[in-house]
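K.L.:
Submitted below is the structure of interest, expressed as structure tokens.
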Amino acid sequence: LETLAAMLDAELYEKEWFVTGLVNPSYFADEFKFEDPDVKVNGIEDYAKGVRKIFDQDTAKAEIISSKVTDTNQITITWRLSGNVNIGPAGLTIKPYICYTDFTVDDETGLIVFQEDRFDIPGWDI
């Protein structure tokens, strides 16, 4: 799990897939599910398309702070989100805030089956 955490950290640092959608699908199980306080998605391809669509690709940033194994089958990524989102006719600038992404890893396959994102501020304050 430590090796997977290090690999995820390196790829997230390089590709910022939490905002670009340029995710490496080899880390994810076919039955992968994503959830945050506002969104639920099934499948890594739908997740990647949704991320790419909502975040402005010229301004959005996902700055990785840390990647840690936090349980026997969980890796938590702490990161800072900033930039613009494609909401409304002109888009919106979101103030920077900290996100916590919990990846649940299947014990048998070593693949990520679930991702849950949490934020350090309430949704109405984003």
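Chains: A, B, ... in order of the structure tokens. Residues: from 1 per chain. Ligands: from 1, in order shown.
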Pick out the residues sitting within 7 Å of Val19 (chain A), and hand them over as a VMD selection string; count only C-alpha atoms, and ignore anything fewer than 5 positions along from it in its own chain.

P.N.:
chain A and resid 51 to 52 55 60 to 62

K.L.:
Based on DSSP run over this structure's backbone, return all residues of region 82-124 of chain A in strand (DSSP E or B), as a list of chain:residue names.

P.N.:
A:Ser82, A:Gly83, A:Asn84, A:Val85, A:Leu92, A:Thr93, A:Ile94, A:Lys95, A:Pro96, A:Tyr97, A:Ile98, A:Cys99, A:Tyr100, A:Thr101, A:Asp102, A:Phe103, A:Thr104, A:Val105, A:Ile112, A:Val113, A:Phe114, A:Gln115, A:Glu116, A:Asp117, A:Arg118, A:Phe119

K.L.:
Would you list the contacts of Leu12 (chain A) as a VMD selection string, taking every protein, DNA or RNA residue within 9 Å and counting only C-alpha atoms, but skipping same-chain residues closer than 4 positions in sequence?

P.N.:
chain A and resid 7 to 8 16 to 18 23 62 to 64

K.L.:
Save out the residues we just selected, C-alpha atoms, as a PDB file, in the first residue's frame.

P.N.:
```
ATOM      1  CA  MET A   7       2.927   6.040  -7.160  1.00  0.00           C
ATOM      2  CA  LEU A   8      -0.345   7.952  -6.777  1.00  0.00           C
ATOM      3  CA  GLU A  16      -3.154  16.868 -11.315  1.00  0.00           C
ATOM      4  CA  TRP A  17      -5.906  14.486 -12.396  1.00  0.00           C
ATOM      5  CA  PHE A  18      -8.272  15.694  -9.658  1.00  0.00           C
ATOM      6  CA  VAL A  23      -6.213   9.793 -14.710  1.00  0.00           C
ATOM      7  CA  ALA A  62      -4.622  20.479  -7.582  1.00  0.00           C
ATOM      8  CA  GLU A  63      -1.532  20.979  -5.423  1.00  0.00           C
ATOM      9  CA  ILE A  64      -0.658  17.741  -3.641  1.00  0.00           C
TER      10      ILE A  64
END
```

K.L.:
Which of these, A:Glu31, A:Asp46, A:Asp38, A:Asp102, has the shortest distance to Thr78 (chain A) once you count only C-alpha atoms?

P.N.:
A:Asp102

K.L.:
Considering only C-alpha atoms, can you say which of A:Val113, A:Ile54, A:Ala6, A:Ile121 comes closest to Pro37 (chain A)?

P.N.:
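Once distances to Pro37 (chain A) are computed over only C-alpha atoms, the minimum belongs to A:Ile121.
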
K.L.:
Tell me which of A:Asp58, A:Glu11, A:Asp71, A:Glu45 sits closest to Phe28 (chain A), counting only C-alpha atoms.

P.N.:
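Using only C-alpha atoms, Phe28 (chain A) sits closest to A:Glu45.
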
K.L.:
Could you pull out the helix (DSSP H, G or I) residues of region 12-124 of chain A from DSSP and send them as a ChimeraX atom specification?

P.N.:
/A:12-15,17-20,25-27,44-54,123-124

K.L.:
Determine, counting only C-alpha atoms, which protein, DNA and RNA residues have an atom within 6 Å of an atom of region 109-112 of chain A; residues of the same chain fewer than 5 positions away are not included. Present the result as a PyMOL selection string.

P.N.:
chain A and resi 27-29+104

K.L.:
Would you write out those residues with C-alpha atoms, as a PDB file, in the first residue's frame?

P.N.:
```
ATOM      1  CA  TYR A  27      -5.060   1.986 -10.664  1.00  0.00           C
ATOM      2  CA  PHE A  28      -8.840   1.568 -10.599  1.00  0.00           C
ATOM      3  CA  ALA A  29     -11.220  -1.389 -10.465  1.00  0.00           C
ATOM      4  CA  THR A 104     -10.276   2.561  -0.629  1.00  0.00           C
TER       5      THR A 104
END
```

K.L.:
Which is closer to Ile94 (chain A) than all the others in A:Asp36, A:Asp125, A:Asp117, A:Glu108, using only C-alpha atoms?

P.N.:
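Ranked by minimum distance to Ile94 (chain A), first place goes to A:Asp125.
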